[in-house]
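To be precise, the following lines are upload24.csv, and they hold CSV, C-alpha atoms.
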```csv
chain,number,residue,atom,x,y,z
J,1,MET,CA,83.8,144.3,118.7
J,2,ASN,CA,82.0,142.9,121.8
J,3,LEU,CA,82.3,139.4,123.2
J,4,ASN,CA,79.2,138.2,121.3
J,5,SER,CA,80.6,139.4,118.0
J,6,SER,CA,83.9,137.7,118.8
J,7,ASN,CA,82.2,134.4,119.6
J,8,PHE,CA,80.2,134.7,116.3
J,9,LEU,CA,83.4,135.3,114.4
J,10,ASN,CA,85.1,132.3,116.0
J,11,LYS,CA,82.2,130.0,115.3
J,12,SER,CA,82.0,131.2,111.7
J,13,ILE,CA,85.6,130.4,111.1
J,14,LEU,CA,85.3,127.0,112.8
J,15,PHE,CA,82.3,126.2,110.6
J,16,MET,CA,84.3,127.2,107.5
J,17,LEU,CA,87.1,124.8,108.6
J,18,LEU,CA,84.8,122.0,109.2
J,19,SER,CA,83.1,122.5,105.8
J,20,LEU,CA,86.6,122.4,104.3
J,21,PHE,CA,87.3,118.9,105.5
J,22,PHE,CA,83.9,117.3,105.5
J,23,SER,CA,81.3,116.8,102.8
J,24,CYS,CA,78.0,115.0,102.8
J,25,ALA,CA,78.2,111.4,101.6
J,26,SER,CA,75.1,109.6,100.2
J,27,LYS,CA,74.3,106.1,101.3
J,28,LYS,CA,74.1,105.0,97.7
J,29,ASP,CA,77.8,105.8,97.3
J,30,ILE,CA,78.9,103.5,100.2
J,31,VAL,CA,76.6,100.5,100.6
J,32,TYR,CA,77.3,97.3,98.6
J,33,TYR,CA,74.7,95.2,96.8
J,34,GLN,CA,71.9,97.8,97.1
J,35,ASN,CA,69.5,96.1,94.7
J,36,ILE,CA,70.3,92.5,95.6
J,37,ASP,CA,66.7,91.5,96.3
J,38,GLY,CA,65.8,92.1,92.7
J,39,ILE,CA,68.7,90.2,91.1
J,40,ASN,CA,68.1,86.9,89.3
J,41,ALA,CA,70.6,84.5,90.9
J,42,SER,CA,69.6,81.6,88.6
J,43,GLN,CA,72.8,81.9,86.6
J,44,ASN,CA,75.1,78.9,87.2
J,45,ILE,CA,78.4,80.4,88.2
J,46,ALA,CA,79.7,77.3,90.0
J,47,SER,CA,81.2,76.0,86.7
J,48,TYR,CA,83.4,79.0,86.3
J,49,GLU,CA,87.1,78.1,85.4
J,50,VAL,CA,90.0,80.3,84.4
J,51,LYS,CA,91.7,79.7,81.1
J,52,ILE,CA,95.4,79.0,80.7
J,53,GLN,CA,97.4,82.0,79.5
J,54,PRO,CA,101.0,82.5,78.3
J,55,ASP,CA,103.6,82.7,81.1
J,56,ASP,CA,101.5,80.5,83.4
J,57,LEU,CA,103.5,78.0,85.4
J,58,LEU,CA,101.7,74.7,85.5
J,59,MET,CA,102.3,71.8,87.8
J,60,ILE,CA,101.1,68.6,86.1
J,61,ILE,CA,101.5,65.3,87.9
J,62,VAL,CA,100.7,61.9,86.2
J,63,SER,CA,100.0,59.0,88.5
J,64,ALA,CA,99.3,55.3,87.9
J,65,GLU,CA,98.9,52.1,89.8
J,66,ASP,CA,102.5,51.3,88.9
J,67,PRO,CA,104.5,54.4,89.7
J,68,GLU,CA,107.3,53.4,87.4
J,69,ILE,CA,105.0,53.4,84.3
J,70,ALA,CA,104.0,57.0,85.1
J,71,MET,CA,107.6,58.3,85.6
J,72,PRO,CA,108.3,59.1,81.9
J,73,PHE,CA,105.3,61.5,81.9
J,74,ASN,CA,106.5,63.6,84.8
J,75,LEU,CA,109.2,66.2,85.0
J,76,SER,CA,112.1,65.3,87.2
J,77,SER,CA,113.2,67.4,90.1
J,78,ALA,CA,116.0,69.9,89.6
J,79,ALA,CA,118.8,70.7,91.9
J,80,VAL,CA,119.0,74.4,92.9
J,81,PRO,CA,122.5,75.3,94.1
J,82,ASN,CA,123.0,77.1,97.4
J,83,PRO,CA,123.5,80.9,96.5
J,84,SER,CA,126.1,81.1,99.2
J,85,ASN,CA,128.1,78.2,97.7
J,86,LEU,CA,127.7,78.0,94.0
J,87,GLN,CA,130.6,75.5,93.8
J,88,ALA,CA,128.6,72.9,95.7
J,89,ALA,CA,127.9,69.7,93.8
J,90,SER,CA,124.3,69.4,94.9
J,91,GLY,CA,121.5,71.7,96.0
J,92,GLN,CA,117.9,71.6,97.2
J,93,GLN,CA,115.7,69.4,95.0
J,94,VAL,CA,112.7,71.3,93.7
J,95,MET,CA,109.9,70.3,91.3
J,96,GLN,CA,110.0,71.7,87.8
J,97,PHE,CA,107.0,73.4,86.2
J,98,TYR,CA,105.7,73.7,82.7
J,99,LEU,CA,106.0,77.3,81.4
J,100,VAL,CA,103.3,78.2,78.8
J,101,ASP,CA,105.0,80.0,76.0
J,102,ARG,CA,103.7,83.0,74.2
J,103,ASN,CA,101.9,80.8,71.7
J,104,GLY,CA,100.1,78.9,74.4
J,105,ASN,CA,102.2,75.7,74.2
J,106,ILE,CA,104.1,73.5,76.7
J,107,GLU,CA,106.7,70.8,76.1
J,108,PHE,CA,105.3,67.6,77.7
J,109,PRO,CA,107.4,64.4,78.2
J,110,VAL,CA,106.7,61.7,75.7
J,111,LEU,CA,103.8,63.6,74.1
J,112,GLY,CA,105.9,66.6,72.9
J,113,LYS,CA,104.5,70.0,72.2
J,114,LEU,CA,100.9,70.5,73.4
J,115,GLN,CA,98.6,73.5,72.9
J,116,VAL,CA,97.0,74.5,76.3
J,117,GLY,CA,96.6,78.2,75.9
J,118,GLY,CA,93.0,79.4,76.1
J,119,MET,CA,91.8,76.0,77.5
J,120,THR,CA,90.3,75.5,81.0
J,121,ARG,CA,91.8,73.2,83.5
J,122,THR,CA,89.1,70.6,82.8
J,123,GLU,CA,89.8,70.8,79.1
J,124,VAL,CA,93.5,70.3,79.6
J,125,LEU,CA,93.1,67.4,81.9
J,126,GLN,CA,90.6,65.7,79.5
J,127,SER,CA,93.0,66.2,76.6
J,128,LEU,CA,96.0,64.8,78.5
J,129,LYS,CA,94.0,61.8,79.7
J,130,GLU,CA,93.0,60.9,76.2
J,131,LYS,CA,96.6,61.1,75.0
J,132,ILE,CA,98.2,59.3,78.0
J,133,THR,CA,95.6,56.5,78.1
J,134,ILE,CA,97.3,55.1,75.0
J,135,TYR,CA,100.3,54.4,77.2
J,136,ILE,CA,98.9,54.0,80.7
J,137,LYS,CA,95.6,52.3,81.8
J,138,ASN,CA,93.5,54.6,84.0
J,139,PRO,CA,96.0,57.4,84.5
J,140,ILE,CA,95.3,60.0,87.3
J,141,ILE,CA,96.3,63.5,86.3
J,142,ASN,CA,96.4,66.6,88.5
J,143,MET,CA,97.1,70.1,87.4
J,144,ARG,CA,97.5,73.5,89.1
J,145,ILE,CA,98.5,77.0,88.1
J,146,MET,CA,101.4,77.8,90.4
J,147,ASN,CA,101.8,81.6,89.7
J,148,PHE,CA,98.1,82.7,89.9
J,149,LYS,CA,98.2,86.2,91.3
J,150,ILE,CA,96.2,89.5,91.3
J,151,SER,CA,97.2,93.1,92.0
J,152,LEU,CA,95.2,95.5,94.0
J,153,GLN,CA,95.9,99.3,93.9
J,154,GLY,CA,94.5,102.6,94.9
J,155,GLU,CA,92.0,103.2,97.8
J,156,VAL,CA,92.2,99.8,99.5
J,157,ASN,CA,93.6,99.3,103.0
J,158,MET,CA,96.4,97.0,102.0
J,159,PRO,CA,97.4,97.4,98.3
J,160,GLY,CA,99.7,94.8,96.9
J,161,ILE,CA,100.1,91.6,94.9
J,162,TYR,CA,98.3,88.6,96.2
J,163,SER,CA,98.8,84.9,95.4
J,164,VAL,CA,95.7,82.8,94.8
J,165,GLU,CA,95.9,79.2,95.8
J,166,SER,CA,92.4,78.1,94.7
J,167,GLU,CA,92.7,79.3,91.1
J,168,ARG,CA,89.3,80.9,91.6
J,169,ILE,CA,88.6,84.2,93.3
J,170,THR,CA,85.8,86.8,93.1
J,171,LEU,CA,86.4,90.6,93.0
J,172,ILE,CA,84.9,90.9,96.5
J,173,GLU,CA,87.2,88.2,97.9
J,174,ALA,CA,90.1,90.0,96.3
J,175,LEU,CA,89.1,93.3,97.9
J,176,SER,CA,88.7,91.5,101.2
J,177,LYS,CA,92.3,90.2,101.0
J,178,ALA,CA,93.3,93.9,100.8
J,179,ARG,CA,91.1,94.6,104.0
J,180,ASP,CA,88.4,96.2,101.9
J,181,LEU,CA,88.2,99.7,100.4
J,182,THR,CA,89.0,102.7,102.4
J,183,ILE,CA,86.1,105.1,103.1
J,184,TYR,CA,87.6,107.3,100.3
J,185,GLY,CA,87.4,104.6,97.6
J,186,ARG,CA,84.8,104.9,94.7
J,187,ARG,CA,82.7,101.8,95.0
J,188,ASN,CA,80.8,102.5,91.8
J,189,ASN,CA,83.7,102.7,89.4
J,190,ILE,CA,86.3,100.0,90.2
J,191,LEU,CA,88.7,99.4,87.3
J,192,VAL,CA,89.7,95.9,86.3
J,193,ILE,CA,92.6,95.6,83.8
J,194,ARG,CA,92.7,92.2,82.2
J,195,GLU,CA,94.9,90.7,79.4
J,196,ILE,CA,93.6,87.9,77.2
J,197,ASN,CA,95.7,86.5,74.3
J,198,GLY,CA,98.0,89.5,74.6
J,199,VAL,CA,95.2,92.1,74.4
J,200,LYS,CA,94.4,94.3,77.4
J,201,SER,CA,90.9,95.3,78.3
J,202,TYR,CA,89.8,98.0,80.7
J,203,ASN,CA,86.5,97.4,82.5
J,204,ARG,CA,84.5,99.3,85.1
J,205,VAL,CA,82.6,97.5,87.9
J,206,ASP,CA,80.0,99.0,90.3
J,207,ILE,CA,79.9,96.9,93.4
J,208,THR,CA,77.1,99.1,94.9
J,209,LYS,CA,74.8,97.4,92.4
J,210,ALA,CA,74.4,93.7,93.0
J,211,ASP,CA,73.9,92.8,89.4
J,212,PHE,CA,77.7,92.9,89.0
J,213,ILE,CA,77.7,89.3,90.3
J,214,ASN,CA,76.5,88.2,86.8
J,215,SER,CA,79.2,90.1,85.0
J,216,PRO,CA,82.4,88.6,83.5
J,217,PHE,CA,84.4,90.4,86.2
J,218,TYR,CA,82.7,88.9,89.2
J,219,TYR,CA,85.5,86.3,89.0
J,220,LEU,CA,89.0,87.5,88.5
J,221,THR,CA,91.5,85.8,86.3
J,222,GLN,CA,95.3,85.4,86.8
J,223,ASN,CA,97.3,88.6,86.6
J,224,ASP,CA,94.2,90.9,86.8
J,225,ILE,CA,94.9,94.4,88.1
J,226,VAL,CA,92.2,96.0,90.3
J,227,TYR,CA,92.4,99.7,90.8
J,228,VAL,CA,90.1,101.6,93.2
J,229,GLU,CA,89.8,105.3,92.3
J,230,PRO,CA,89.7,108.0,95.1
J,231,ASN,CA,86.5,109.9,95.6
J,232,ASN,CA,86.2,113.7,95.5
J,233,THR,CA,86.8,114.0,99.2
J,234,ARG,CA,90.2,112.3,98.9
J,235,VAL,CA,91.1,114.3,95.8
J,236,ASN,CA,90.3,117.6,97.5
J,237,ALA,CA,92.1,116.5,100.6
J,238,SER,CA,95.3,115.8,98.6
J,239,ALA,CA,95.3,119.5,97.6
J,240,VAL,CA,94.4,120.9,101.0
J,241,GLY,CA,96.5,118.4,103.1
J,242,PRO,CA,100.0,119.8,102.6
J,243,ASN,CA,98.7,123.4,103.5
J,244,THR,CA,96.4,122.4,106.3
J,245,SER,CA,98.8,123.3,109.1
J,246,VAL,CA,99.6,126.7,107.5
J,247,ILE,CA,96.0,127.5,107.0
J,248,ILE,CA,95.1,126.6,110.6
J,249,SER,CA,98.0,128.6,112.0
J,250,ALA,CA,97.0,131.6,109.9
J,251,ILE,CA,93.4,131.4,111.0
J,252,SER,CA,94.4,131.0,114.7
J,253,ILE,CA,96.6,134.1,114.4
J,254,LEU,CA,93.7,136.1,112.8
J,255,ILE,CA,91.3,135.0,115.6
J,256,SER,CA,93.8,136.0,118.3
J,257,LEU,CA,94.4,139.4,116.7
J,258,SER,CA,90.7,140.0,116.3
J,259,VAL,CA,90.1,139.2,120.0
J,260,LEU,CA,92.9,141.5,121.1
J,261,LEU,CA,92.0,144.4,118.8
J,262,PHE,CA,88.2,144.4,119.4
J,263,LYS,CA,88.0,143.7,123.1
```
Is it possible to express this structure as C-alpha cells?
Amino acid sequence: MNLNSSNFLNKSILFMLLSLFFSCASKKDIVYYQNIDGINASQNIASYEVKIQPDDLLMIIVSAEDPEIAMPFNLSSAAVPNPSNLQAASGQQVMQFYLVDRNGNIEFPVLGKLQVGGMTRTEVLQSLKEKITIYIKNPIINMRIMNFKISLQGEVNMPGIYSVESERITLIEALSKARDLTIYGRRNNILVIREINGVKSYNRVDITKADFINSPFYYLTQNDIVYVEPNNTRVNASAVGPNTSVIISAISILISLSVLLFK
C-alpha cells in the first residue's frame, strides 16, 4: 500500500469515527416558539391561580386595627427545642402553619374545620373574610403556600427540587431555574406529571411550538414533576460511551499496523 492509499485509509477511518459521534440536527428540533407570530395571545392568563391541594402548608395571618381582637384567629408560635440539648426548657420560636389534610380541610381557630382543597387563594381569602367579618370589622387576611415546589429531571443542566416563592411559575421559568435544557434534551416531548385530587396525570408539552403558552401546562402547579427526555444522540452515546476508549485504541492500533505492513 502506497502513501496515498494509507492516507485514504486514515481519512476513511476518521470519517467513520466522526460519523459515530455526530449526527445532523434540524433547527426545528432545537429552536423554541417557532410559530409564535401566528399565535393568538388574546387569552387572559394574568388571572391564573393555583388551587390548594392536600399536604399544602398554609400560612394564614389575620390582622385588624386592634391586634388583640385578631389574636384568637391566628396560630401561636411554637417552641422548637435545640437538637443538641433536648432537655432545654425553651427553644427557637417559629410560626405554625395549617396543614391541608387528605380531604382538603384545615382546622382554623374559632371557625373550626374549613374546606379549602380545590379552592384558589382568592376564593379562600374571600371565604375567610366573610366568616371573620362576623367577629372583626374590616379584617385583613393574608395567605401563602409555604411548601410550593417543583421537580426537574432528565436532560436539564441542573436537575433538582426547586422552591417557588411566588406561587406562580411557568414551565419556561422552571426550566430556566435548572439552567435550561442540555443540547441533548427533547424539546418537543417534555413530560409534566401532575396530581390533582389524588389522581396523577401525564402530559406532553412541545416548547418548540409557541401555542403551548395557551395550554393548561404553561403554568405549573405545586409538586409538578417535569422530565426532559434524552434525544437519540444522547441515547446512542450512552451505549457507545463506555466503549469509546477501547474502540479508539483498537482503531489506532489497526492504523499503525496498516502503515507498518504496507509501507
- [ ] Take the point (107.1, 64.3, 79.3) as written in the file and pick out every residue within 7 Å of it, counting all atoms listed in the file; give the list as JSON, numbers by chain.
- [x] {"J": [72, 73, 74, 75, 108, 109, 110, 111, 112]}
Open item on the list: Taking all atoms listed in the file into account, name the residue in J:Ile106, J:Ile207, J:Ile52, J:Ala237 that is nearest to Asn147 in chain J.
Closed with: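 Closest candidate: J:Ile52.
If you look at CA of Asn232 in chain J and CA of Pro159 in chain J, they are 20.0 Å away from each other.
If all atoms listed in the file are the atoms counted, then among J:Leu175, J:Met95, J:Val31, J:Ile141 the closest residue to Glu155 in chain J is J:Leu175.
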Do a neighbour search on Phe212 in chain J at 12 Å with only C-alpha atoms, toss out local chain neighbours closer than 3 positions, and write the hits as an mmCIF file with C-alpha atoms, keeping the file's coordinate frame.
```
data_model
loop_
_atom_site.group_PDB
_atom_site.id
_atom_site.type_symbol
_atom_site.label_atom_id
_atom_site.label_comp_id
_atom_site.auth_asym_id
_atom_site.auth_seq_id
_atom_site.Cartn_x
_atom_site.Cartn_y
_atom_site.Cartn_z
ATOM 1 C CA TYR J 32 77.300 97.300 98.600
ATOM 2 C CA TYR J 33 74.700 95.200 96.800
ATOM 3 C CA GLN J 34 71.900 97.800 97.100
ATOM 4 C CA ASN J 35 69.500 96.100 94.700
ATOM 5 C CA ILE J 36 70.300 92.500 95.600
ATOM 6 C CA ILE J 39 68.700 90.200 91.100
ATOM 7 C CA ASN J 40 68.100 86.900 89.300
ATOM 8 C CA ALA J 41 70.600 84.500 90.900
ATOM 9 C CA THR J 170 85.800 86.800 93.100
ATOM 10 C CA LEU J 171 86.400 90.600 93.000
ATOM 11 C CA ILE J 172 84.900 90.900 96.500
ATOM 12 C CA ARG J 187 82.700 101.800 95.000
ATOM 13 C CA ASN J 188 80.800 102.500 91.800
ATOM 14 C CA ASN J 189 83.700 102.700 89.400
ATOM 15 C CA ILE J 190 86.300 100.000 90.200
ATOM 16 C CA ASN J 203 86.500 97.400 82.500
ATOM 17 C CA ARG J 204 84.500 99.300 85.100
ATOM 18 C CA VAL J 205 82.600 97.500 87.900
ATOM 19 C CA ASP J 206 80.000 99.000 90.300
ATOM 20 C CA ILE J 207 79.900 96.900 93.400
ATOM 21 C CA THR J 208 77.100 99.100 94.900
ATOM 22 C CA LYS J 209 74.800 97.400 92.400
ATOM 23 C CA SER J 215 79.200 90.100 85.000
ATOM 24 C CA PRO J 216 82.400 88.600 83.500
ATOM 25 C CA PHE J 217 84.400 90.400 86.200
ATOM 26 C CA TYR J 218 82.700 88.900 89.200
ATOM 27 C CA TYR J 219 85.500 86.300 89.000
#
```
TODO: Could you jot down the CA of Leu99 in chain J to CA of Ile161 in chain J separation for me, Å, one decimal place?
DONE: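 Distance between the two atoms: 20.5 Å.
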Can you list every residue of range 53-80 of chain J that has an atom at most 10 Å from range 118-127 of chain J, with its nearest atom pair and the distance in Å to one decimal, using only C-alpha atoms, ordered by chain then number, as a tab-separated table?
```
residue	atom	partner	partner_atom	distance
J:Gln53	CA	J:Gly118	CA	6.1
J:Pro54	CA	J:Gly118	CA	8.9
J:Ile60	CA	J:Leu125	CA	9.1
```
